[in-house]
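Engineer: I am sharing input-v3.cif, which consists of mmCIF, C-alpha atoms:
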```
data_coords
loop_
_atom_site.label_atom_id
_atom_site.label_comp_id
_atom_site.auth_asym_id
_atom_site.auth_seq_id
_atom_site.Cartn_x
_atom_site.Cartn_y
_atom_site.Cartn_z
CA MET A 1 23.76 70.58 25.67
CA LYS A 2 20.17 69.69 26.47
CA ILE A 3 18.51 69.07 29.81
CA LEU A 4 15.17 67.27 29.86
CA ALA A 5 12.73 67.41 32.77
CA LEU A 6 10.26 64.54 33.16
CA ASN A 7 7.27 65.53 35.23
CA GLY A 8 5.39 62.72 36.97
CA SER A 9 2.65 65.00 38.26
CA PHE A 10 -0.77 65.41 36.68
CA ARG A 11 -1.18 68.92 38.08
CA LYS A 12 -0.37 71.81 35.78
CA ASN A 13 1.67 74.47 37.57
CA GLY A 14 1.68 72.36 40.70
CA ASN A 15 4.62 72.12 43.05
CA THR A 16 6.43 69.50 40.98
CA GLU A 17 6.14 71.50 37.78
CA ILE A 18 7.22 74.70 39.50
CA LEU A 19 10.28 73.03 41.01
CA LEU A 20 11.19 71.43 37.68
CA LYS A 21 10.84 74.72 35.83
CA GLN A 22 12.93 76.42 38.48
CA ALA A 23 15.60 73.75 37.99
CA LEU A 24 15.44 74.19 34.22
CA MET A 25 15.99 77.93 34.70
CA GLY A 26 19.12 76.99 36.63
CA ALA A 27 20.21 74.73 33.77
CA GLU A 28 19.58 77.51 31.27
CA SER A 29 21.77 79.83 33.33
CA GLU A 30 24.62 77.42 32.51
CA GLY A 31 23.87 77.57 28.81
CA ALA A 32 21.72 74.48 28.47
CA SER A 33 18.73 74.20 26.19
CA VAL A 34 15.80 72.78 28.10
CA GLU A 35 12.58 70.85 27.62
CA ILE A 36 9.88 69.56 29.94
CA LEU A 37 7.50 66.64 29.39
CA ARG A 38 4.49 66.10 31.63
CA LEU A 39 4.16 62.31 31.58
CA THR A 40 0.40 62.42 32.11
CA ASP A 41 0.03 64.35 28.84
CA TYR A 42 1.17 61.20 27.04
CA GLN A 43 -0.28 57.76 26.60
CA ILE A 44 1.73 55.22 28.59
CA HIS A 45 -0.07 51.90 28.29
CA PRO A 46 0.66 49.10 30.75
CA CYS A 47 3.34 46.58 29.91
CA ARG A 48 1.58 43.47 28.58
CA GLY A 49 4.21 41.13 29.93
CA CYS A 50 4.48 39.44 26.52
CA GLY A 51 8.27 39.26 26.72
CA LEU A 52 8.75 40.13 23.06
CA CYS A 53 11.22 42.90 23.95
CA LEU A 54 13.31 40.26 25.70
CA PHE A 55 13.07 37.50 23.14
CA ARG A 56 13.15 39.60 19.98
CA GLU A 57 15.57 42.37 20.73
CA ASN A 58 14.12 45.86 20.87
CA VAL A 59 10.60 44.94 19.80
CA CYS A 60 7.73 46.22 21.94
CA GLN A 61 4.28 44.96 21.10
CA VAL A 62 2.68 48.11 22.51
CA GLN A 63 2.98 50.53 19.62
CA ASP A 64 -0.16 52.63 20.01
CA ASP A 65 1.12 54.95 22.73
CA ASP A 66 3.82 57.57 23.33
CA VAL A 67 6.48 55.59 25.17
CA SER A 68 8.81 55.43 22.15
CA PHE A 69 8.52 59.20 21.89
CA ILE A 70 9.41 59.64 25.58
CA PHE A 71 12.39 57.29 25.19
CA SER A 72 13.54 59.23 22.11
CA LYS A 73 13.50 62.43 24.16
CA ILE A 74 15.64 60.76 26.82
CA ASP A 75 18.04 59.58 24.10
CA GLU A 76 18.31 63.15 22.78
CA CYS A 77 19.09 64.80 26.11
CA ASP A 78 22.45 65.11 27.84
CA GLY A 79 21.03 65.16 31.35
CA MET A 80 17.65 64.57 32.95
CA ILE A 81 15.68 65.88 35.90
CA LEU A 82 12.96 63.57 37.17
CA GLY A 83 10.26 65.23 39.22
CA ALA A 84 7.30 63.47 40.77
CA PRO A 85 5.16 64.09 43.81
CA CYS A 86 4.78 61.62 46.62
CA TYR A 87 1.09 61.28 47.42
CA PHE A 88 1.16 58.02 49.31
CA LEU A 89 4.55 56.69 50.42
CA GLU A 90 5.86 56.38 46.86
CA LEU A 91 5.96 58.22 43.56
CA THR A 92 2.90 58.57 41.35
CA ALA A 93 1.54 55.67 39.31
CA VAL A 94 2.65 57.12 36.00
CA VAL A 95 6.27 56.67 37.10
CA LYS A 96 5.69 53.00 37.82
CA GLN A 97 3.83 52.64 34.54
CA LEU A 98 6.92 53.95 32.77
CA ILE A 99 9.23 51.70 34.81
CA ASP A 100 7.29 48.64 33.65
CA ARG A 101 7.70 49.70 30.04
CA CYS A 102 11.46 50.04 30.46
CA TRP A 103 12.16 46.33 29.93
CA ILE A 104 13.07 47.22 26.39
CA LEU A 105 15.84 49.47 27.71
CA GLY A 106 17.42 46.72 29.76
CA HIS A 107 20.27 46.29 27.31
CA LYS A 108 21.35 49.88 28.04
CA ILE A 109 22.01 49.29 31.73
CA GLY A 110 25.37 50.71 32.71
CA LYS A 111 26.21 51.64 29.13
CA ILE A 112 24.91 55.21 28.91
CA LYS A 113 26.78 58.02 30.55
CA LYS A 114 24.30 60.75 31.37
CA PRO A 115 23.61 62.42 34.69
CA ALA A 116 20.21 62.66 36.30
CA THR A 117 18.78 64.35 39.33
CA VAL A 118 15.53 63.85 41.22
CA ILE A 119 13.09 66.30 42.83
CA VAL A 120 10.22 65.00 44.95
CA PRO A 121 7.73 67.33 46.64
CA TYR A 122 5.66 65.70 49.37
CA ALA A 123 3.27 66.81 52.10
CA THR A 124 3.75 64.92 55.34
CA ARG A 125 7.14 64.30 56.86
CA GLY A 126 7.89 60.61 57.22
CA TRP A 127 5.51 59.53 54.44
CA ILE A 128 8.09 59.08 51.69
CA PRO A 129 9.83 55.72 52.31
CA TYR A 130 9.74 54.39 48.73
CA VAL A 131 10.39 57.47 46.63
CA SER A 132 14.10 56.83 46.18
CA LEU A 133 13.49 53.17 45.42
CA GLN A 134 11.30 54.02 42.45
CA SER A 135 13.39 56.82 41.05
CA ASN A 136 16.51 54.66 41.39
CA ILE A 137 14.90 51.82 39.47
CA LEU A 138 13.78 54.15 36.70
CA LEU A 139 17.10 55.93 36.35
CA ASN A 140 19.14 52.74 36.56
CA ILE A 141 17.15 50.90 33.95
CA MET A 142 17.31 53.94 31.69
CA GLY A 143 21.08 53.82 32.15
CA LEU A 144 21.28 57.24 33.82
CA THR A 145 23.54 58.10 36.74
CA LYS A 146 21.91 59.87 39.68
CA ILE A 147 24.01 62.79 40.89
CA ASN A 148 21.57 64.31 43.36
CA GLU A 149 18.11 63.93 44.86
CA ILE A 150 15.96 66.12 47.07
CA THR A 151 12.62 65.78 48.79
CA ILE A 152 10.77 68.99 49.57
CA CYS A 153 8.06 69.24 52.18
CA THR A 154 5.24 71.34 50.73
CA GLN A 155 1.52 70.75 50.40
CA GLY A 156 -1.12 72.84 48.61
CA ILE A 157 -0.93 73.57 44.92
CA SER A 158 1.87 76.05 44.06
CA GLU A 159 2.69 76.63 47.74
CA VAL A 160 6.32 75.74 47.10
CA VAL A 161 6.94 79.24 45.68
CA LEU A 162 6.70 80.47 49.27
CA ASP A 163 9.66 78.30 50.23
CA THR A 164 12.66 80.36 49.17
CA GLU A 165 15.17 77.72 50.24
CA ALA A 166 13.44 75.01 48.23
CA MET A 167 13.27 77.23 45.17
CA ASP A 168 16.95 78.13 45.49
CA LEU A 169 17.81 74.46 45.90
CA ALA A 170 15.88 73.48 42.78
CA HIS A 171 17.62 76.23 40.80
CA GLU A 172 20.98 75.02 42.04
CA MET A 173 20.15 71.42 41.12
CA GLY A 174 19.32 72.51 37.59
CA ARG A 175 22.57 74.40 37.35
CA GLU A 176 24.38 71.40 38.79
CA ILE A 177 22.97 68.92 36.27
CA ALA A 178 23.92 71.19 33.37
CA VAL A 179 27.49 71.46 34.66
CA ALA A 180 27.65 67.69 35.23
CA ALA A 181 26.42 67.01 31.70
CA GLU A 182 28.89 69.47 30.24
CA LYS A 183 31.91 68.24 32.22
CA LYS A 184 30.87 64.57 32.21
CA ASP A 185 31.41 64.60 35.95
CA PHE A 186 28.88 62.30 37.56
CA THR A 187 30.09 62.60 41.15
CA TYR A 188 27.18 62.12 43.52
CA LYS A 189 26.43 65.27 45.47
CA GLY A 190 23.36 64.37 47.49
CA ASP A 191 22.55 62.77 50.81
CA PRO A 192 24.88 59.74 51.00
CA GLY A 193 22.21 57.37 52.38
CA ILE A 194 23.20 53.86 53.40
CA CYS A 195 23.75 52.20 50.03
CA PRO A 196 26.93 53.61 48.46
CA SER A 197 25.54 52.87 45.01
CA CYS A 198 21.95 54.15 44.94
CA HIS A 199 22.21 56.21 48.17
CA ASP A 200 18.86 55.01 49.49
CA TRP A 201 18.22 54.54 53.19
CA LEU A 202 16.06 51.45 52.66
CA PHE A 203 17.38 48.02 53.56
CA ARG A 204 15.81 44.58 53.54
CA ILE A 205 16.48 42.00 56.25
CA LEU A 206 17.06 38.59 54.65
CA LYS A 207 15.60 35.44 56.06
CA ASP A 208 18.81 34.32 57.69
CA ARG A 209 18.45 37.38 59.95
CA GLU A 210 22.18 37.90 59.52
CA THR A 211 22.29 39.69 56.19
CA VAL A 212 20.75 42.88 54.85
CA GLU A 213 20.33 43.84 51.24
CA CYS A 214 19.78 47.04 49.33
CA PRO A 215 16.45 46.18 47.69
CA THR A 216 17.25 48.23 44.61
CA CYS A 217 20.84 47.19 43.91
CA GLY A 218 20.60 43.69 45.39
CA VAL A 219 23.91 44.16 47.17
CA ARG A 220 24.23 42.38 50.49
CA GLY A 221 25.95 43.63 53.62
CA LYS A 222 26.11 43.16 57.37
CA LEU A 223 24.29 45.30 59.87
CA SER A 224 26.13 46.52 62.93
CA LEU A 225 25.89 49.04 65.72
CA ARG A 226 28.77 51.46 66.12
CA GLU A 227 28.59 53.82 69.07
CA GLY A 228 24.84 53.39 69.10
CA LYS A 229 24.48 54.11 65.38
CA ILE A 230 23.24 51.56 62.85
CA SER A 231 25.59 50.96 59.96
CA VAL A 232 25.90 48.52 57.09
CA THR A 233 29.21 47.20 55.85
CA PHE A 234 29.71 45.64 52.46
CA GLU A 235 32.43 43.28 51.36
CA GLU A 236 34.14 44.40 48.19
CA LYS A 237 33.08 41.24 46.36
CA ALA A 238 29.40 41.97 47.13
CA TRP A 239 29.44 44.68 44.48
CA ALA A 240 29.87 42.02 41.81
CA ASP A 241 26.19 41.20 42.41
CA SER A 242 24.86 44.72 41.96
CA ARG A 243 21.72 44.37 39.86
CA PHE A 244 22.52 47.25 37.55
CA ARG A 245 26.04 46.24 36.53
CA PRO A 246 26.18 45.45 32.80
CA ASP A 247 27.48 41.91 33.35
CA VAL A 248 24.84 41.14 36.01
CA GLY A 249 22.14 42.49 33.71
CA TYR A 250 23.54 40.40 30.87
CA ASN A 251 23.57 37.23 32.98
CA HIS A 252 20.03 37.91 34.19
CA PHE A 253 18.72 38.10 30.65
CA THR A 254 20.88 35.32 29.26
CA TYR A 255 20.43 32.74 32.01
CA HIS A 256 17.25 33.66 33.88
CA ILE A 257 14.99 34.95 31.14
CA ALA A 258 16.01 33.65 27.72
CA PRO A 259 16.13 29.94 28.66
CA SER A 260 12.57 30.16 29.96
CA LYS A 261 11.50 29.83 26.31
CA ASP A 262 12.69 26.22 26.34
CA TYR A 263 10.76 25.47 29.53
CA PHE A 264 7.71 27.28 28.16
CA LEU A 265 7.74 25.24 24.96
CA ARG A 266 8.33 21.88 26.57
CA THR A 267 5.46 22.38 29.02
CA LYS A 268 3.03 23.58 26.34
CA GLU A 269 0.73 20.55 26.28
CA GLU A 270 0.55 20.19 30.06
CA ARG A 271 -0.17 23.90 30.48
CA LYS A 272 -2.84 23.81 27.81
CA LEU A 273 -4.60 20.96 29.57
CA LYS A 274 -4.40 22.50 33.04
CA THR A 275 -5.29 26.02 31.91
CA GLN A 276 -8.54 25.09 30.22
CA ARG A 277 -10.73 25.25 33.32
CA PHE A 278 -9.48 28.77 34.11
CA LYS A 279 -10.40 29.94 30.63
CA GLU A 280 -13.92 28.74 31.22
CA TYR A 281 -14.28 29.88 34.86
CA LEU A 282 -15.91 33.34 35.41
CA ASN A 283 -15.34 34.16 31.76
CA ARG A 284 -18.81 34.98 30.50
CA MET B 1 17.25 4.52 42.72
CA PRO B 2 17.55 7.03 45.61
CA ARG B 3 14.32 8.17 47.19
CA TYR B 4 15.25 11.85 47.02
CA LEU B 5 17.13 13.41 44.13
CA ALA B 6 17.58 17.14 43.59
CA GLU B 7 19.42 18.82 40.76
CA LEU B 8 20.23 22.43 41.59
CA ARG B 9 21.05 24.45 38.48
CA TYR B 10 23.23 27.48 39.12
CA TYR B 11 23.83 29.81 36.19
CA PRO B 12 26.66 32.34 35.85
CA GLY B 13 26.43 34.90 38.63
CA ASP B 14 23.99 32.82 40.68
CA PRO B 15 26.19 31.23 43.37
CA LEU B 16 27.51 33.60 45.99
CA GLU B 17 30.89 31.91 45.87
CA ASP B 18 32.74 29.49 43.60
CA ILE B 19 31.33 25.98 43.75
CA LYS B 20 34.23 23.74 44.72
CA ILE B 21 34.14 19.94 44.63
CA SER B 22 36.13 19.85 47.89
CA ASP B 23 33.44 21.92 49.65
CA LEU B 24 30.70 19.69 48.28
CA LYS B 25 32.50 16.58 49.45
CA THR B 26 32.73 18.05 52.94
CA LEU B 27 29.01 18.82 52.95
CA GLY B 28 28.18 15.35 51.61
CA LYS B 29 30.18 13.76 54.38
CA GLU B 30 28.72 16.04 57.06
CA TYR B 31 25.12 15.24 56.11
CA GLY B 32 25.58 11.66 54.89
CA VAL B 33 24.30 12.27 51.37
CA ASN B 34 25.69 11.71 47.89
CA ILE B 35 26.63 14.93 46.22
CA SER B 36 28.28 15.74 42.92
CA CYS B 37 28.66 18.63 40.52
CA ALA B 38 28.65 18.84 36.72
CA LYS B 39 29.91 21.92 34.96
CA ILE B 40 28.73 22.97 31.49
CA GLU B 41 30.61 25.84 29.88
CA ASN B 42 29.62 27.33 26.55
CA ARG B 43 30.54 31.01 26.94
CA GLU B 44 32.91 32.91 24.71
CA MET B 45 34.66 36.18 25.42
CA LYS B 46 33.24 39.02 23.30
CA ASP B 47 33.61 42.76 23.93
CA GLY B 48 35.07 42.09 27.35
CA LEU B 49 32.07 40.03 28.48
CA LEU B 50 31.66 36.26 28.63
CA MET B 51 28.73 35.81 26.26
CA GLU B 52 26.46 33.04 25.10
CA ARG B 53 23.28 32.79 23.04
CA THR B 54 20.78 30.86 25.14
CA LEU B 55 17.44 31.80 23.63
CA ASP B 56 16.88 28.67 21.55
CA LYS B 57 18.96 26.27 23.60
CA ARG B 58 17.84 23.47 25.88
CA ILE B 59 18.03 24.46 29.55
CA GLU B 60 20.33 21.50 30.21
CA ASP B 61 22.80 22.59 27.52
CA ILE B 62 23.56 26.19 28.50
CA THR B 63 26.40 27.24 30.78
CA GLN B 64 25.65 26.17 34.33
CA GLU B 65 26.81 24.20 37.33
CA VAL B 66 24.49 21.42 38.40
CA ILE B 67 24.80 20.19 41.96
CA THR B 68 23.15 16.79 42.35
CA VAL B 69 22.15 15.65 45.84
CA THR B 70 20.72 12.18 46.49
CA SER B 71 19.68 10.41 49.65
CA ASP B 72 17.14 7.98 51.04
CA GLN B 73 16.89 10.00 54.26
CA GLU B 74 14.62 13.03 54.14
CA GLU B 75 16.20 14.78 57.11
CA ASN B 76 19.76 14.44 55.84
CA PHE B 77 18.70 15.43 52.35
CA SER B 78 16.88 18.52 53.65
CA LYS B 79 19.70 19.64 55.92
CA CYS B 80 22.20 19.36 53.12
CA LEU B 81 20.00 21.44 50.80
CA VAL B 82 19.65 24.15 53.45
CA ALA B 83 23.44 24.20 53.88
CA LEU B 84 23.87 24.53 50.11
CA TYR B 85 21.33 27.36 49.97
CA LYS B 86 23.11 29.12 52.81
CA LYS B 87 26.50 28.74 51.18
CA TYR B 88 25.63 29.54 47.57
CA ARG B 89 22.08 30.95 47.96
CA CYS B 90 19.10 29.29 46.26
CA PRO B 91 19.14 28.68 42.54
CA ARG B 92 17.38 31.62 40.92
CA THR B 93 14.98 30.40 38.26
CA PRO B 94 11.66 28.52 38.22
CA TYR B 95 13.31 25.79 36.13
CA SER B 96 16.42 25.45 38.25
CA LEU B 97 15.25 22.11 39.70
CA LEU B 98 14.76 20.46 36.32
CA GLY B 99 15.99 16.86 36.45
CA SER B 100 15.06 16.35 40.11
CA ASN B 101 12.70 13.51 41.02
CA GLU B 102 9.27 14.44 42.33
CA ALA B 103 10.04 13.81 46.02
CA GLY B 104 13.34 15.67 45.83
CA GLN B 105 11.88 18.60 43.93
CA LYS B 106 9.06 19.01 46.43
CA ILE B 107 11.48 19.31 49.35
CA ALA B 108 14.00 21.44 47.48
CA LYS B 109 11.31 23.89 46.41
CA LYS B 110 9.75 24.11 49.87
CA LEU B 111 13.15 24.82 51.41
CA MET B 112 13.83 27.47 48.78
CA ASP B 113 10.67 29.25 49.82
CA GLN B 114 11.66 29.00 53.49
CA HIS B 115 15.32 29.91 53.10
CA GLY B 116 15.16 32.14 50.03
CA GLY B 117 15.55 35.88 49.97
CA TRP B 118 19.23 35.63 49.22
#
```
Produce structure tokens that represent the structure in this file.
Structural biologist:
Amino acid sequence: MKILALNGSFRKNGNTEILLKQALMGAESEGASVEILRLTDYQIHPCRGCGLCLFRENVCQVQDDDVSFIFSKIDECDGMILGAPCYFLELTAVVKQLIDRCWILGHKIGKIKKPATVIVPYATRGWIPYVSLQSNILLNIMGLTKINEITICTQGISEVVLDTEAMDLAHEMGREIAVAAEKKDFTYKGDPGICPSCHDWLFRILKDRETVECPTCGVRGKLSLREGKISVTFEEKAWADSRFRPDVGYNHFTYHIAPSKDYFLRTKEERKLKTQRFKEYLNR
Amino acid sequence: MPRYLAELRYYPGDPLEDIKISDLKTLGKEYGVNISCAKIENREMKDGLLMERTLDKRIEDITQEVITVTSDQEENFSKCLVALYKKYRCPRTPYSLLGSNEAGQKIAKKLMDQHGGW
């Protein structure tokens, strides 16, 4: 059994790396073999938006970087720990860069059964609203099931070693992911959040001002106040629209993306004519 | 020829609830517009999923439900579209108004932007 840690921090031996290594030690204590990849050590070029991976299955035009290698490592592992610092409200750019390259993995949504856990060190309390959003997108599109997630308030480089509770927690999360991978038990053990699927606390108010939606899962519910506490209730049928269900992912590709080729081809001449002035403008 | 014509193309999974002719008739009557629905079904069951190859097909030929709304009255036409968007949510794709006339498409698109987010 192998546990892979993906490190979204540039800093060597920084708080993220320390917490990930501590978690891997926990995984090792359960008999796992372990590996860590620092994402910034690898070339992750931007997605070119060419759509080839969507229109010609499994073909990515960007071949001169290390994304295929990173994906192969994820394929090899039985469980994954994602670690990334939050510098400014969200995870680091390298995580988003990887998310954008995950289009090619879209066909795996909901089909892989591997657990994942997330560790996010951050400095200022209250400045982490989008960290779960990003990690949820990444894990979901990679087909992994999140079983836990923690945010740890720490600041200067390597200061987290002074926080015994955080270090113990990271060790326990590593042990936990190894056990989950071994037993194939993907029960969620973290903070329940508001969304029962991705466990985030974020919600989007829709324009009718009657409905709220989990921005990650796309599942809609109704907001209410119960004994002064905000809650969201979901109808059972709402879960049929969850973005990361295999059938919803299939419909999205089949009916929203693939048919755009027909529209693209039939508007070719008109586009060519209307695009010309933009090719010439500010293009010296 | 009606002044305003909109064709709203809903693909599998797009409408929030089943599109029923009886509901459309009620809406048509309520807003004084002509409304109809055409259903195209080309999916086949494979591996437990209803599947279809759409990559090299014409948009009009793939599985979808097309609600057609026509009227000479802008206000009625607009109100009916808003009601449809509220009931089923907006069609999802940039080409989901294909087949509409120019006046109808302009209104339908503007209302999607105003009442979208579903």
Engineer: Segment 100-201 of chain A near segment 208-227 of chain A within 10 Å: what's each residue's closest atom pair and its distance in Å to one decimal, counting all atoms listed in the file, ordered by chain then ascending residue number, as a tab-separated table?
Structural biologist:
```
residue	atom	partner	partner_atom	distance
A:Ser132	CA	A:Thr216	CA	9.3
A:Leu133	CA	A:Thr216	CA	6.3
A:Gln134	CA	A:Thr216	CA	8.6
A:Asn136	CA	A:Thr216	CA	7.2
A:Ile137	CA	A:Thr216	CA	6.7
A:Asn140	CA	A:Cys217	CA	9.4
A:Ile194	CA	A:Cys214	CA	8.6
A:Cys195	CA	A:Cys214	CA	6.5
A:Pro196	CA	A:Cys214	CA	9.7
A:Ser197	CA	A:Cys217	CA	7.5
A:Cys198	CA	A:Cys217	CA	7.1
A:His199	CA	A:Cys214	CA	9.6
A:Asp200	CA	A:Cys214	CA	8.0
A:Trp201	CA	A:Cys214	CA	8.6
```
Engineer: Name the residues in contact with Cys50 of chain A at a cut-off of 9 Å, using only C-alpha atoms, excluding same-chain residues fewer than 4 positions from it; report them as a list in words.
Structural biologist: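 Surrounding residues, per the criterion: Leu54, Cys60 and Gln61 of chain A.
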Engineer: Write the residues of the selection above to a file with C-alpha atoms, as a PDB file, in the coordinates of the input.
Structural biologist:
```
ATOM      1  CA  LEU A  54      13.310  40.260  25.700  1.00  0.00           C
ATOM      2  CA  CYS A  60       7.730  46.220  21.940  1.00  0.00           C
ATOM      3  CA  GLN A  61       4.280  44.960  21.100  1.00  0.00           C
TER       4      GLN A  61
END
```
Engineer: Nearest to Gly249 of chain A among A:Gly14, A:Gly106, A:Gly8, A:Gly51, with distances taken over all atoms listed in the file: which residue is it?
Structural biologist: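 Closest residue, counting all atoms listed in the file: A:Gly106.
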Engineer: Name the residues in contact with segment 78-87 of chain B at a cut-off of 8 Å, using all atoms listed in the file, excluding same-chain residues fewer than 3 positions from it; report them as a VMD selection string.
Structural biologist: chain B and resid 16 to 17 27 to 28 31 33 69 74 to 75 90 to 91 107 to 108 111 to 112 115 to 116
Engineer: Would you tabulate, counting only C-alpha atoms, all residues of chain B that have an atom at most 7 Å from an atom of chain A, showing the closest pair of atoms and their distance in Å to one decimal, sorted by chain then ascending number, as JSON lines?
Structural biologist:
```
{"residue": "B:Tyr11", "atom": "CA", "partner": "A:Tyr255", "partner_atom": "CA", "distance": 6.1}
{"residue": "B:Pro12", "atom": "CA", "partner": "A:Asn251", "partner_atom": "CA", "distance": 6.5}
{"residue": "B:Gly13", "atom": "CA", "partner": "A:Asn251", "partner_atom": "CA", "distance": 6.7}
{"residue": "B:Leu49", "atom": "CA", "partner": "A:Asp247", "partner_atom": "CA", "distance": 7.0}
{"residue": "B:Thr54", "atom": "CA", "partner": "A:Pro259", "partner_atom": "CA", "distance": 5.9}
{"residue": "B:Leu55", "atom": "CA", "partner": "A:Ala258", "partner_atom": "CA", "distance": 4.7}
{"residue": "B:Asp56", "atom": "CA", "partner": "A:Asp262", "partner_atom": "CA", "distance": 6.8}
{"residue": "B:Lys57", "atom": "CA", "partner": "A:Asp262", "partner_atom": "CA", "distance": 6.8}
{"residue": "B:Arg58", "atom": "CA", "partner": "A:Asp262", "partner_atom": "CA", "distance": 5.9}
{"residue": "B:Ile59", "atom": "CA", "partner": "A:Pro259", "partner_atom": "CA", "distance": 5.9}
{"residue": "B:Thr93", "atom": "CA", "partner": "A:His256", "partner_atom": "CA", "distance": 5.9}
{"residue": "B:His115", "atom": "CA", "partner": "A:Lys207", "partner_atom": "CA", "distance": 6.3}
{"residue": "B:Gly116", "atom": "CA", "partner": "A:Lys207", "partner_atom": "CA", "distance": 6.9}
{"residue": "B:Gly117", "atom": "CA", "partner": "A:Leu206", "partner_atom": "CA", "distance": 5.6}
{"residue": "B:Trp118", "atom": "CA", "partner": "A:Leu206", "partner_atom": "CA", "distance": 6.6}
```
Engineer: Go ahead and find all residues with at least one atom no further than 12 Å from (12.7, 21.1, 39.4) in the file's coordinates, using all atoms listed in the file; report them as a VMD selection string.
Structural biologist: (chain A and resid 263) or (chain B and resid 5 to 9 59 to 60 66 68 91 to 110 112)
Engineer: List the neighbours of segment 178-185 of chain A out to 6 Å using only C-alpha atoms; skip same-chain residues closer than 5 positions along the sequence, and give me the result as a list in words.
Structural biologist: Ala27, Asp78 and Gly79 of chain A
Engineer: Residues picked by the PyMOL selection byres ((chain B and resi 38) around 6) here, as a PyMOL selection string?
Structural biologist: chain B and resi 37+39+65-66
